[in-house]
$ cat target08.csv   # CSV, C-alpha atoms
chain,number,residue,atom,x,y,z
A,127,MET,CA,-91.4,-40.6,39.6
A,128,GLN,CA,-91.6,-37.6,37.4
A,129,TYR,CA,-89.4,-37.5,34.2
A,130,THR,CA,-88.4,-34.3,32.4
A,131,GLU,CA,-89.5,-33.9,28.8
A,132,THR,CA,-85.9,-34.4,27.7
A,133,ALA,CA,-85.8,-37.7,29.6
A,134,GLN,CA,-89.2,-38.8,28.1
A,135,ALA,CA,-87.9,-38.0,24.6
A,136,ILE,CA,-84.8,-40.1,25.1
A,137,LEU,CA,-86.9,-43.0,26.5
A,138,LEU,CA,-89.3,-42.8,23.5
A,139,LEU,CA,-86.5,-42.8,21.0
A,140,THR,CA,-84.3,-45.6,22.5
A,141,CYS,CA,-86.4,-48.1,24.5
A,142,TYR,CA,-89.0,-50.8,24.2
A,143,PHE,CA,-92.0,-50.6,26.5
A,144,ASN,CA,-93.6,-54.0,26.0
A,145,ARG,CA,-92.9,-57.3,24.4
A,146,SER,CA,-95.1,-56.8,21.3
A,147,GLU,CA,-93.0,-53.8,20.3
A,148,VAL,CA,-89.9,-55.9,19.9
A,149,LYS,CA,-91.2,-57.0,16.5
A,150,ASN,CA,-92.9,-53.8,15.5
A,151,VAL,CA,-90.6,-50.9,16.3
A,152,GLN,CA,-86.9,-50.3,16.1
A,153,PRO,CA,-85.6,-47.9,18.8
A,154,LEU,CA,-82.4,-46.1,18.1
A,155,THR,CA,-79.1,-47.7,19.1
A,156,PRO,CA,-76.6,-45.8,21.3
A,157,VAL,CA,-74.6,-44.8,18.2
A,158,GLN,CA,-77.7,-43.7,16.3
A,159,TYR,CA,-79.0,-41.7,19.2
A,160,ALA,CA,-75.7,-40.0,19.6
A,161,ARG,CA,-75.9,-39.0,15.9
A,162,LEU,CA,-79.4,-37.5,16.4
A,163,ALA,CA,-78.4,-35.8,19.6
A,164,GLY,CA,-75.4,-34.2,17.9
A,165,TRP,CA,-77.6,-32.9,15.1
A,166,LEU,CA,-80.1,-31.5,17.6
A,167,HIS,CA,-77.4,-29.7,19.5
A,168,HIS,CA,-75.9,-28.3,16.4
A,169,ASN,CA,-79.2,-26.9,15.4
A,170,LYS,CA,-79.9,-25.5,18.9
A,171,TYR,CA,-82.6,-28.0,19.7
A,172,THR,CA,-83.0,-30.3,22.7
A,173,PRO,CA,-84.6,-33.7,22.7
A,174,ALA,CA,-87.5,-32.1,24.5
A,175,CYS,CA,-88.2,-30.1,21.3
A,176,LEU,CA,-89.2,-33.4,19.7
A,177,LEU,CA,-92.2,-33.5,22.0
A,178,SER,CA,-93.2,-29.8,22.0
A,179,ASP,CA,-92.5,-29.0,18.4
A,180,ALA,CA,-91.9,-32.3,16.6
A,181,ASP,CA,-93.2,-31.2,13.2
A,182,LYS,CA,-90.9,-28.2,12.9
A,183,VAL,CA,-87.8,-30.2,14.1
A,184,LEU,CA,-88.5,-33.3,12.0
A,185,ALA,CA,-89.1,-31.2,8.8
A,186,GLN,CA,-85.4,-30.2,8.9
A,187,TRP,CA,-84.1,-33.7,9.7
A,188,GLN,CA,-82.0,-35.6,7.3
A,189,ASP,CA,-79.8,-38.4,8.5
A,190,PRO,CA,-76.1,-37.3,8.0
A,191,LYS,CA,-75.0,-40.9,7.8
A,192,PRO,CA,-77.8,-42.8,6.1
A,193,GLY,CA,-76.0,-46.1,5.4
A,194,ALA,CA,-78.0,-49.3,5.0
A,195,LYS,CA,-81.8,-49.0,5.0
A,196,LYS,CA,-82.3,-50.9,8.3
A,197,ASN,CA,-79.9,-48.6,10.1
A,198,GLU,CA,-81.1,-45.3,8.6
A,199,ILE,CA,-82.9,-42.8,10.9
A,200,THR,CA,-85.8,-41.8,8.8
A,201,ILE,CA,-88.5,-39.2,9.7
A,202,GLU,CA,-91.1,-42.0,9.7
A,203,ARG,CA,-89.1,-44.1,12.1
A,204,LEU,CA,-88.7,-41.1,14.5
A,205,GLN,CA,-92.4,-40.3,14.3
A,206,GLN,CA,-93.3,-43.9,15.1
A,207,LEU,CA,-91.1,-44.0,18.1
A,208,LEU,CA,-92.3,-40.6,19.4
A,209,ALA,CA,-96.0,-41.6,19.1
A,210,ARG,CA,-95.7,-44.2,21.9
A,211,GLY,CA,-96.4,-41.9,24.8
A,212,GLY,CA,-99.3,-44.1,26.1
A,213,SER,CA,-97.1,-47.2,26.1
A,214,MET,CA,-94.3,-45.4,27.8
A,215,ALA,CA,-96.6,-44.0,30.6
A,216,PHE,CA,-98.1,-47.4,31.3
A,217,ALA,CA,-94.6,-49.1,31.3
A,218,LEU,CA,-93.0,-46.5,33.6
A,219,GLU,CA,-95.9,-46.8,36.1
A,220,HIS,CA,-95.7,-50.6,36.0
A,221,TRP,CA,-91.9,-50.6,36.5
A,222,ALA,CA,-92.0,-47.9,39.2
A,223,LYS,CA,-94.2,-50.2,41.3
A,224,GLN,CA,-91.4,-52.8,41.2
A,225,GLY,CA,-88.7,-50.3,42.1
A,226,VAL,CA,-87.3,-49.6,38.6
A,227,HIS,CA,-86.0,-46.1,37.9
A,228,ALA,CA,-84.8,-45.0,34.4
A,229,VAL,CA,-81.7,-42.9,34.3
A,230,THR,CA,-81.1,-41.2,31.0
A,231,ARG,CA,-77.9,-39.7,29.7
A,232,SER,CA,-79.4,-36.2,30.4
A,233,CYS,CA,-79.8,-37.0,34.2
A,234,ALA,CA,-77.3,-35.7,36.8
A,235,ASN,CA,-77.1,-39.2,38.4
A,236,TYR,CA,-76.1,-40.9,35.1
A,237,PRO,CA,-73.0,-43.0,35.8
A,238,GLN,CA,-70.2,-40.5,35.6
A,239,LYS,CA,-67.5,-43.1,34.9
A,240,ILE,CA,-69.3,-44.4,31.9
A,241,ARG,CA,-70.0,-40.8,30.7
A,242,GLU,CA,-66.3,-40.0,30.9
A,243,LYS,CA,-64.9,-43.3,29.4
A,244,LEU,CA,-67.5,-43.9,26.6
A,245,GLY,CA,-68.5,-40.3,25.7
A,246,GLU,CA,-71.0,-40.3,22.9
A,247,ASN,CA,-71.0,-44.1,22.7
A,248,ARG,CA,-72.6,-44.4,26.2
A,249,PRO,CA,-76.1,-45.9,26.5
A,250,PRO,CA,-78.9,-43.4,26.3
A,251,VAL,CA,-80.7,-45.1,29.3
A,252,PHE,CA,-80.0,-47.3,32.2
A,253,PHE,CA,-82.8,-49.0,34.1
A,254,THR,CA,-81.9,-49.4,37.7
A,255,ILE,CA,-83.1,-51.0,40.9
A,256,GLY,CA,-81.4,-50.3,44.2
A,257,ASN,CA,-78.9,-47.8,45.6
A,258,LEU,CA,-77.7,-45.4,42.9
A,259,GLU,CA,-75.1,-43.9,45.3
A,260,LEU,CA,-73.0,-47.0,44.8
A,261,LEU,CA,-72.1,-45.6,41.3
A,262,ASN,CA,-70.0,-43.0,43.1
A,263,LYS,CA,-67.8,-45.5,45.0
A,264,PRO,CA,-64.7,-47.2,43.6
A,265,GLY,CA,-65.3,-50.7,42.4
A,266,ILE,CA,-63.4,-53.8,41.4
A,267,GLY,CA,-65.0,-55.8,38.6
A,268,PHE,CA,-65.1,-59.6,38.3
A,269,VAL,CA,-65.7,-61.5,35.1
A,270,GLY,CA,-65.4,-65.1,33.9
A,271,SER,CA,-67.0,-68.2,32.6
A,272,ARG,CA,-70.4,-69.4,33.6
A,273,LYS,CA,-68.9,-72.9,33.9
A,274,ILE,CA,-66.5,-73.0,36.9
A,275,ASP,CA,-65.2,-75.6,39.2
A,276,ALA,CA,-64.8,-75.5,43.0
A,277,ASP,CA,-61.3,-74.0,42.6
A,278,ASP,CA,-62.5,-71.2,40.4
A,279,GLU,CA,-65.3,-70.4,42.8
A,280,SER,CA,-63.0,-70.4,45.8
A,281,PHE,CA,-60.6,-68.0,44.1
A,282,THR,CA,-63.5,-65.7,43.1
A,283,GLN,CA,-64.9,-65.6,46.6
A,284,ASN,CA,-61.5,-65.0,48.1
A,285,LYS,CA,-60.7,-62.0,45.9
A,286,ALA,CA,-64.3,-60.6,46.1
A,287,GLN,CA,-64.0,-60.7,49.9
A,288,LEU,CA,-60.6,-59.0,49.7
A,289,ALA,CA,-62.1,-56.2,47.6
A,290,VAL,CA,-64.9,-55.7,50.2
A,291,ALA,CA,-62.3,-55.7,53.1
A,292,GLN,CA,-60.5,-52.9,51.2
A,293,ASP,CA,-63.7,-50.8,50.8
A,294,PHE,CA,-64.4,-51.5,47.1
A,295,VAL,CA,-67.8,-52.2,45.6
A,296,VAL,CA,-67.8,-55.5,43.7
A,297,VAL,CA,-69.0,-55.0,40.1
A,298,SER,CA,-70.1,-57.9,38.0
A,299,GLY,CA,-72.7,-59.1,35.5
A,300,GLY,CA,-75.1,-61.2,37.5
A,301,ALA,CA,-74.7,-64.4,35.3
A,302,LYS,CA,-74.1,-67.9,36.7
A,303,GLY,CA,-70.6,-68.8,37.5
A,304,VAL,CA,-68.0,-66.1,38.3
A,305,ASP,CA,-70.5,-63.2,38.2
A,306,GLN,CA,-72.8,-64.6,40.9
A,307,ALA,CA,-70.0,-66.0,43.0
A,308,SER,CA,-68.3,-62.6,43.3
A,309,MET,CA,-71.5,-60.6,43.9
A,310,LEU,CA,-73.0,-63.0,46.5
A,311,SER,CA,-69.7,-63.4,48.3
A,312,ALA,CA,-69.5,-59.6,48.6
A,313,LEU,CA,-73.0,-59.3,49.9
A,314,GLU,CA,-72.6,-62.2,52.4
A,315,GLN,CA,-69.5,-60.4,53.8
A,316,GLY,CA,-71.7,-57.3,54.4
A,317,GLY,CA,-70.2,-55.5,51.4
A,318,GLU,CA,-71.7,-53.7,48.5
A,319,SER,CA,-72.2,-54.8,44.9
A,320,ILE,CA,-73.3,-53.6,41.5
A,321,GLY,CA,-74.8,-56.0,39.0
A,322,VAL,CA,-74.7,-55.0,35.3
A,323,LEU,CA,-77.4,-57.2,33.8
A,324,ALA,CA,-77.9,-58.2,30.2
A,325,ASP,CA,-81.4,-59.4,30.7
A,326,SER,CA,-84.2,-60.0,33.2
A,327,LEU,CA,-83.8,-57.0,35.5
A,328,LEU,CA,-87.2,-57.4,37.0
A,329,ARG,CA,-86.9,-61.2,37.6
A,330,THR,CA,-83.4,-60.8,39.0
A,331,SER,CA,-84.5,-58.1,41.5
A,332,ALA,CA,-87.1,-60.5,42.9
A,333,SER,CA,-84.5,-63.2,43.5
A,334,LYS,CA,-84.1,-64.3,47.2
A,335,ALA,CA,-80.4,-64.2,46.8
A,336,TYR,CA,-80.5,-60.4,46.3
A,337,ARG,CA,-83.4,-59.5,48.5
A,338,ASP,CA,-81.4,-58.6,51.6
A,339,GLY,CA,-78.8,-56.6,49.6
A,340,LEU,CA,-81.5,-54.4,48.0
A,341,ARG,CA,-83.4,-54.0,51.3
A,342,ASP,CA,-80.2,-52.8,53.0
A,343,ASN,CA,-79.2,-50.5,50.2
A,344,ARG,CA,-76.0,-52.5,49.6
A,345,LEU,CA,-76.9,-53.5,46.0
A,346,LEU,CA,-77.6,-51.8,42.7
A,347,LEU,CA,-78.9,-53.7,39.7
A,348,LEU,CA,-78.8,-51.9,36.4
A,349,SER,CA,-79.2,-52.7,32.7
A,350,PRO,CA,-79.2,-50.7,29.5
A,351,PHE,CA,-81.8,-53.0,28.1
A,352,TYR,CA,-85.6,-53.4,28.3
A,353,PRO,CA,-86.2,-54.5,32.0
A,354,GLU,CA,-88.2,-57.5,30.9
A,355,ALA,CA,-85.9,-58.7,28.1
A,356,GLY,CA,-84.9,-62.3,28.0
A,357,PHE,CA,-81.4,-63.6,27.3
A,358,ASN,CA,-79.8,-62.4,24.2
A,359,LYS,CA,-76.2,-63.2,23.3
A,360,GLY,CA,-75.5,-59.9,21.7
A,361,ASN,CA,-76.7,-58.0,24.8
A,362,ALA,CA,-74.6,-60.2,27.0
A,363,MET,CA,-71.5,-59.3,24.9
A,364,ALA,CA,-72.4,-55.6,24.8
A,365,ARG,CA,-72.9,-55.2,28.6
A,366,ASN,CA,-69.4,-56.3,29.4
A,367,ARG,CA,-68.0,-52.9,28.6
A,368,TYR,CA,-70.0,-51.3,31.3
A,369,ILE,CA,-68.4,-53.6,33.9
A,370,TYR,CA,-65.0,-52.4,32.8
A,371,THR,CA,-66.0,-48.7,32.6
A,372,LEU,CA,-67.6,-48.8,36.1
A,373,SER,CA,-64.5,-50.4,37.7
A,374,GLU,CA,-61.1,-49.2,38.9
A,375,ALA,CA,-59.7,-52.6,37.8
A,376,VAL,CA,-61.2,-55.9,36.6
A,377,VAL,CA,-60.3,-59.4,37.5
A,378,VAL,CA,-60.7,-62.2,34.9
A,379,VAL,CA,-61.0,-65.4,36.8
A,380,LYS,CA,-61.5,-67.8,33.9
A,381,SER,CA,-61.7,-67.1,30.1
A,382,GLY,CA,-62.1,-69.1,27.0
A,383,ILE,CA,-59.9,-68.4,24.1
A,384,ASN,CA,-61.0,-66.8,20.9
A,385,GLU,CA,-64.7,-67.1,21.9
A,386,GLY,CA,-67.2,-66.1,24.6
A,387,GLY,CA,-68.2,-62.9,26.4
A,388,THR,CA,-65.3,-62.9,28.8
A,389,TRP,CA,-62.7,-63.2,26.1
A,390,SER,CA,-64.4,-60.5,23.9
A,391,GLY,CA,-64.8,-58.1,26.8
A,392,ALA,CA,-61.3,-58.5,28.1
A,393,ASN,CA,-59.8,-57.8,24.6
A,394,GLU,CA,-62.1,-54.8,24.2
A,395,ASN,CA,-60.7,-53.4,27.4
A,396,LEU,CA,-57.1,-54.1,26.4
A,397,LYS,CA,-57.9,-52.1,23.2
A,398,HIS,CA,-59.5,-49.1,24.9
A,399,ASN,CA,-57.5,-49.1,28.1
A,400,TRP,CA,-60.6,-48.4,30.3
A,401,CYS,CA,-59.0,-49.9,33.4
A,402,PRO,CA,-56.2,-52.2,34.5
A,403,LEU,CA,-56.9,-55.8,33.7
A,404,TRP,CA,-55.9,-58.5,36.1
A,405,VAL,CA,-56.0,-62.2,35.0
A,406,ARG,CA,-55.7,-65.2,37.3
A,407,ASN,CA,-52.3,-66.7,36.5
A,408,ASN,CA,-53.2,-70.4,36.1
A,409,ASP,CA,-53.1,-72.9,33.3
A,410,HIS,CA,-56.4,-71.9,31.5
A,411,PRO,CA,-55.4,-71.2,27.9
A,412,GLY,CA,-57.6,-68.2,27.6
A,413,ASN,CA,-56.0,-66.7,30.7
A,414,GLN,CA,-52.5,-67.2,29.5
A,415,GLU,CA,-53.3,-65.7,26.1
A,416,LEU,CA,-54.8,-62.6,27.7
A,417,ILE,CA,-51.6,-62.2,29.8
A,418,LYS,CA,-49.6,-62.4,26.6
A,419,ARG,CA,-51.7,-59.7,25.1
A,420,GLY,CA,-50.9,-57.3,27.9
A,421,ALA,CA,-53.1,-58.2,30.9
A,422,HIS,CA,-51.5,-58.3,34.4
A,423,PRO,CA,-51.0,-61.8,35.9
A,424,MET,CA,-52.7,-62.2,39.3
A,425,ALA,CA,-51.1,-64.7,41.6
A,426,GLU,CA,-53.0,-66.9,44.0
A,427,ASP,CA,-51.6,-64.9,47.0
A,428,PHE,CA,-52.5,-61.4,45.5
A,429,ALA,CA,-53.3,-59.4,48.6
A,430,SER,CA,-54.1,-55.7,47.8
A,431,PHE,CA,-56.3,-53.8,45.4
A,432,ASN,CA,-55.2,-50.6,47.2
A,433,SER,CA,-51.6,-50.9,45.8
A,434,PRO,CA,-51.0,-48.6,42.8
A,435,GLN,CA,-52.6,-50.2,39.8
A,436,PRO,CA,-50.1,-50.9,37.0
A,437,GLU,CA,-50.9,-49.0,33.8
A,438,LEU,CA,-52.5,-51.1,31.1
A,439,GLU,CA,-50.4,-51.4,28.0
A,440,GLN,CA,-52.3,-50.0,25.1
A,441,ALA,CA,-53.1,-52.5,22.4
A,442,PRO,CA,-51.8,-51.3,19.0
A,443,ALA,CA,-54.4,-49.6,16.8
A,444,ILE,CA,-55.2,-51.3,13.5
A,445,ASP,CA,-53.4,-48.5,11.6
A,446,ASP,CA,-50.2,-49.2,13.7
A,447,LEU,CA,-50.1,-52.7,12.3
A,448,PHE,CA,-49.1,-51.4,8.9
A,449,ALA,CA,-46.0,-49.8,10.3
A,450,THR,CA,-42.6,-51.3,9.8
A,451,PRO,CA,-41.6,-53.4,12.9
A,452,ASP,CA,-38.9,-51.8,15.1
A,453,THR,CA,-36.8,-54.9,14.5
A,454,VAL,CA,-36.5,-54.3,10.8
A,455,GLU,CA,-33.8,-51.9,9.7
A,456,THR,CA,-34.5,-49.0,7.4
A,457,PRO,CA,-32.5,-48.3,4.2
A,458,ALA,CA,-29.4,-46.1,4.8
A,459,GLU,CA,-30.5,-43.5,2.3
A,460,ALA,CA,-33.5,-41.6,3.6
A,461,PRO,CA,-36.0,-39.9,1.3
A,462,SER,CA,-35.5,-36.2,0.8
A,463,THR,CA,-39.0,-35.0,1.9
A,464,ALA,CA,-41.5,-35.9,4.5
A,465,THR,CA,-44.1,-36.7,1.8
A,466,GLU,CA,-41.7,-39.2,0.2
A,467,SER,CA,-41.1,-40.8,3.6
A,468,THR,CA,-44.8,-41.4,4.1
A,469,ALA,CA,-45.2,-42.8,0.6
A,470,GLU,CA,-42.3,-45.3,1.3
A,471,THR,CA,-43.9,-46.5,4.5
A,472,LEU,CA,-47.3,-47.1,2.9
A,473,ASP,CA,-46.0,-48.7,-0.2
A,474,THR,CA,-47.0,-52.3,0.7
A,475,THR,CA,-47.3,-53.6,-2.8
A,476,ALA,CA,-43.8,-53.1,-4.2
A,477,PRO,CA,-41.6,-56.2,-3.8
A,478,VAL,CA,-38.4,-55.9,-1.9
A,479,THR,CA,-35.5,-57.2,-3.9
A,480,ALA,CA,-32.1,-58.2,-2.7
A,481,ALA,CA,-30.6,-54.9,-3.9
A,482,THR,CA,-33.0,-52.8,-1.8
A,483,ALA,CA,-33.4,-55.0,1.3
A,484,PRO,CA,-31.5,-53.9,4.4
A,485,THR,CA,-28.1,-55.5,4.8
A,486,GLY,CA,-28.2,-58.7,6.7
A,487,GLN,CA,-32.0,-59.0,6.4
A,488,PRO,CA,-33.7,-61.7,4.4
A,489,GLU,CA,-35.7,-60.8,1.3
A,490,LYS,CA,-39.3,-60.0,2.2
A,491,THR,CA,-42.2,-61.8,0.7
A,492,VAL,CA,-45.6,-60.3,0.0
A,493,VAL,CA,-48.6,-61.6,1.9
A,494,ARG,CA,-52.0,-60.8,0.5
A,495,ILE,CA,-54.8,-60.1,2.9
A,496,ASN,CA,-58.5,-59.8,1.8
A,497,PRO,CA,-60.6,-58.0,4.5
A,498,THR,CA,-63.8,-58.9,2.6
A,499,GLU,CA,-63.0,-62.6,2.8
A,500,ILE,CA,-62.3,-62.2,6.6
A,501,PHE,CA,-65.6,-60.3,7.0
A,502,SER,CA,-67.6,-63.1,5.3
A,503,GLN,CA,-65.9,-65.7,7.6
A,504,GLN,CA,-66.7,-63.8,10.8
A,505,THR,CA,-70.3,-62.7,10.1
A,506,LYS,CA,-73.3,-64.6,9.0
A,507,GLY,CA,-75.2,-61.8,7.2
A,508,THR,CA,-74.6,-58.9,5.0
A,509,TYR,CA,-74.1,-56.4,7.8
A,510,ILE,CA,-72.2,-56.3,11.1
A,511,GLU,CA,-75.1,-55.9,13.6
A,512,THR,CA,-73.6,-56.7,17.0
A,513,GLN,CA,-70.5,-55.7,19.0
A,514,ALA,CA,-69.5,-59.4,19.1
A,515,GLU,CA,-69.3,-59.4,15.2
A,516,VAL,CA,-67.3,-56.2,15.2
A,517,ASP,CA,-64.9,-57.7,17.7
A,518,ALA,CA,-64.6,-61.0,15.8
A,519,TYR,CA,-63.9,-59.2,12.5
A,520,LEU,CA,-61.4,-56.8,13.9
A,521,ASN,CA,-59.6,-59.4,15.9
A,522,ALA,CA,-59.3,-61.8,13.0
A,523,LEU,CA,-58.0,-59.0,10.7
A,524,LYS,CA,-55.6,-57.8,13.4
A,525,ASP,CA,-54.3,-61.4,14.0
A,526,LYS,CA,-53.5,-61.8,10.3
A,527,LEU,CA,-51.8,-58.4,10.0
A,528,GLN,CA,-49.8,-59.0,13.2
A,529,ALA,CA,-48.7,-62.5,12.0
A,530,ALA,CA,-47.5,-61.0,8.7
A,531,LEU,CA,-45.5,-58.3,10.6
A,532,ASP,CA,-44.0,-60.9,13.0
A,533,GLN,CA,-42.7,-62.7,9.9
A,534,HIS,CA,-41.3,-59.4,8.4
A,535,GLN,CA,-43.6,-59.8,5.4
A,536,ARG,CA,-44.9,-56.9,3.3
A,537,ILE,CA,-48.7,-56.6,3.3
A,538,ASN,CA,-50.9,-56.2,0.2
A,539,ILE,CA,-54.5,-55.4,1.1
A,540,GLN,CA,-56.7,-56.6,-1.8
$ encode --input "target08.csv" --output "structure tokens"
Amino acid sequence: MQYTETAQAILLLTCYFNRSEVKNVQPLTPVQYARLAGWLHHNKYTPACLLSDADKVLAQWQDPKPGAKKNEITIERLQQLLARGGSMAFALEHWAKQGVHAVTRSCANYPQKIREKLGENRPPVFFTIGNLELLNKPGIGFVGSRKIDADDESFTQNKAQLAVAQDFVVVSGGAKGVDQASMLSALEQGGESIGVLADSLLRTSASKAYRDGLRDNRLLLLSPFYPEAGFNKGNAMARNRYIYTLSEAVVVVKSGINEGGTWSGANENLKHNWCPLWVRNNDHPGNQELIKRGAHPMAEDFASFNSPQPELEQAPAIDDLFATPDTVETPAEAPSTATESTAETLDTTAPVTAATAPTGQPEKTVVRINPTEIFSQQTKGTYIETQAEVDAYLNALKDKLQAALDQHQRINIQ
């Protein structure tokens, strides 16, 4: 397989090529690569220019958002990444012998659904094994716990077989539990499946369970991570968004509450509205909480993925949580200008006295919320380094803000 110079540059900048590099080099994250790619485009360069005229291009480079030292894109870091041509050539040859094909964001066969839904936050590279044409077909995603009982497994198999019967590709994550139950059920029915893996792409492709699907071009395995990577909790959390962005709708079979990849991924989808979210309507606490947050309940006798999918209710943005709830009346005398009106809405520190409180409404109290304190409770280090930590922090902050609004309290951010 021949790769263009642009594809080679993207691979060099964003990928590991052997296990020893994991400790010695720091490839660019999707967000960091998007920053570099934007700068290259603005200055009328392409990634390929970093191979053909690196000295000239890098002499002009200065990270527009330097931030913390470990996250800064320095010239030295770029030079180190670009100097790995030999390692890349060896790795690509080795992987090609095992059926691995790298699809970079510059390639025409890059997943269009992910390109459209994630934009510049899309992964720079997907490593794939199997039938890439499946990316162009409509899919139904399945997610859920690794620990399931016979009832959970039966429900998963039933709905996966339903999706296959209605000409959908089954999309899941390849992990034990719900993921494997949905994918294997689809393949056993003669259907098609896409597995979005967080680790072990090479090892998974050699599994007896997936051999027939790959041989018959009914299966695609893909991963945005190093094909020989082992399990990493952060990667497992991060890959969930690709299941949602590849799917027409996603079924949550079983979710924990306030923890785990299924919970995190479902809430991220509720926030970004990537696709309709169906949740099995049983007594699992996590399932019921997701339904309360806007997911659509799926009954045991749900019978058609071809029916018009209900629109997913957009979760409120963090900024919206500062707005006065609709249930709270506004004072009768409005400010005279738009500027004054805005100032009134954002004045969260002034106490509300009985004289200024709306008639019939109780006097408001002030709740003080310290984002820094919440940050330290949700993260273990100085920086937020994984999507899971981002989600944990934002969800904790949102919960506190929403609780204050539900009690008609005024909010003071310290």
$ atom_distance --input "target08.csv" --atom1 "atom CA of A:Gly321" --atom2 "atom CA of A:Leu244"
18.8 Å
$ closest_residue --input "target08.csv" --among "A:Ser333, A:Ser319, A:Asn257, A:Asn144" --to "A:Val297" --atoms "all atoms listed in the file"
A:Ser319
$ residues_around --input "target08.csv" --residues "A:Trp389" --least-positions-apart "2" --cutoff "12 Å" --atoms "all atoms listed in the file" --output "VMD selection string"
chain A and resid 269 to 271 363 366 to 367 378 to 387 391 to 396 405 411 to 417 419 421 514 517 to 518 521
$ write_last_selection --input "target08.csv" --atoms "C-alpha atoms" --output "short mmCIF file (atom, residue, chain, number, x, y, z; two decimals), in the coordinates of the input"
data_model
loop_
_atom_site.label_atom_id
_atom_site.label_comp_id
_atom_site.auth_asym_id
_atom_site.auth_seq_id
_atom_site.Cartn_x
_atom_site.Cartn_y
_atom_site.Cartn_z
CA VAL A 269 -65.70 -61.50 35.10
CA GLY A 270 -65.40 -65.10 33.90
CA SER A 271 -67.00 -68.20 32.60
CA MET A 363 -71.50 -59.30 24.90
CA ASN A 366 -69.40 -56.30 29.40
CA ARG A 367 -68.00 -52.90 28.60
CA VAL A 378 -60.70 -62.20 34.90
CA VAL A 379 -61.00 -65.40 36.80
CA LYS A 380 -61.50 -67.80 33.90
CA SER A 381 -61.70 -67.10 30.10
CA GLY A 382 -62.10 -69.10 27.00
CA ILE A 383 -59.90 -68.40 24.10
CA ASN A 384 -61.00 -66.80 20.90
CA GLU A 385 -64.70 -67.10 21.90
CA GLY A 386 -67.20 -66.10 24.60
CA GLY A 387 -68.20 -62.90 26.40
CA GLY A 391 -64.80 -58.10 26.80
CA ALA A 392 -61.30 -58.50 28.10
CA ASN A 393 -59.80 -57.80 24.60
CA GLU A 394 -62.10 -54.80 24.20
CA ASN A 395 -60.70 -53.40 27.40
CA LEU A 396 -57.10 -54.10 26.40
CA VAL A 405 -56.00 -62.20 35.00
CA PRO A 411 -55.40 -71.20 27.90
CA GLY A 412 -57.60 -68.20 27.60
CA ASN A 413 -56.00 -66.70 30.70
CA GLN A 414 -52.50 -67.20 29.50
CA GLU A 415 -53.30 -65.70 26.10
CA LEU A 416 -54.80 -62.60 27.70
CA ILE A 417 -51.60 -62.20 29.80
CA ARG A 419 -51.70 -59.70 25.10
CA ALA A 421 -53.10 -58.20 30.90
CA ALA A 514 -69.50 -59.40 19.10
CA ASP A 517 -64.90 -57.70 17.70
CA ALA A 518 -64.60 -61.00 15.80
CA ASN A 521 -59.60 -59.40 15.90
#
$ residues_near_point --input "target08.csv" --point "(-76.1, -58.3, 37.5)" --cutoff "9 Å" --atoms "all atoms listed in the file" --output "PDB file with C-alpha atoms, in the frame of the given file"
ATOM      1  CA  VAL A 297     -69.000 -55.000  40.100  1.00  0.00           C
ATOM      2  CA  SER A 298     -70.100 -57.900  38.000  1.00  0.00           C
ATOM      3  CA  GLY A 299     -72.700 -59.100  35.500  1.00  0.00           C
ATOM      4  CA  GLY A 300     -75.100 -61.200  37.500  1.00  0.00           C
ATOM      5  CA  ALA A 301     -74.700 -64.400  35.300  1.00  0.00           C
ATOM      6  CA  ASP A 305     -70.500 -63.200  38.200  1.00  0.00           C
ATOM      7  CA  GLN A 306     -72.800 -64.600  40.900  1.00  0.00           C
ATOM      8  CA  MET A 309     -71.500 -60.600  43.900  1.00  0.00           C
ATOM      9  CA  ILE A 320     -73.300 -53.600  41.500  1.00  0.00           C
ATOM     10  CA  GLY A 321     -74.800 -56.000  39.000  1.00  0.00           C
ATOM     11  CA  VAL A 322     -74.700 -55.000  35.300  1.00  0.00           C
ATOM     12  CA  LEU A 323     -77.400 -57.200  33.800  1.00  0.00           C
ATOM     13  CA  ALA A 324     -77.900 -58.200  30.200  1.00  0.00           C
ATOM     14  CA  ASP A 325     -81.400 -59.400  30.700  1.00  0.00           C
ATOM     15  CA  LEU A 327     -83.800 -57.000  35.500  1.00  0.00           C
ATOM     16  CA  THR A 330     -83.400 -60.800  39.000  1.00  0.00           C
ATOM     17  CA  LEU A 346     -77.600 -51.800  42.700  1.00  0.00           C
ATOM     18  CA  LEU A 347     -78.900 -53.700  39.700  1.00  0.00           C
ATOM     19  CA  LEU A 348     -78.800 -51.900  36.400  1.00  0.00           C
ATOM     20  CA  SER A 349     -79.200 -52.700  32.700  1.00  0.00           C
TER      21      SER A 349
END
$ atom_distance --input "target08.csv" --atom1 "atom CA of A:Ala375" --atom2 "atom CA of A:Asn432"
10.6 Å
$ atom_distance --input "target08.csv" --atom1 "atom CA of A:Lys239" --atom2 "atom CA of A:Gly265"
10.9 Å
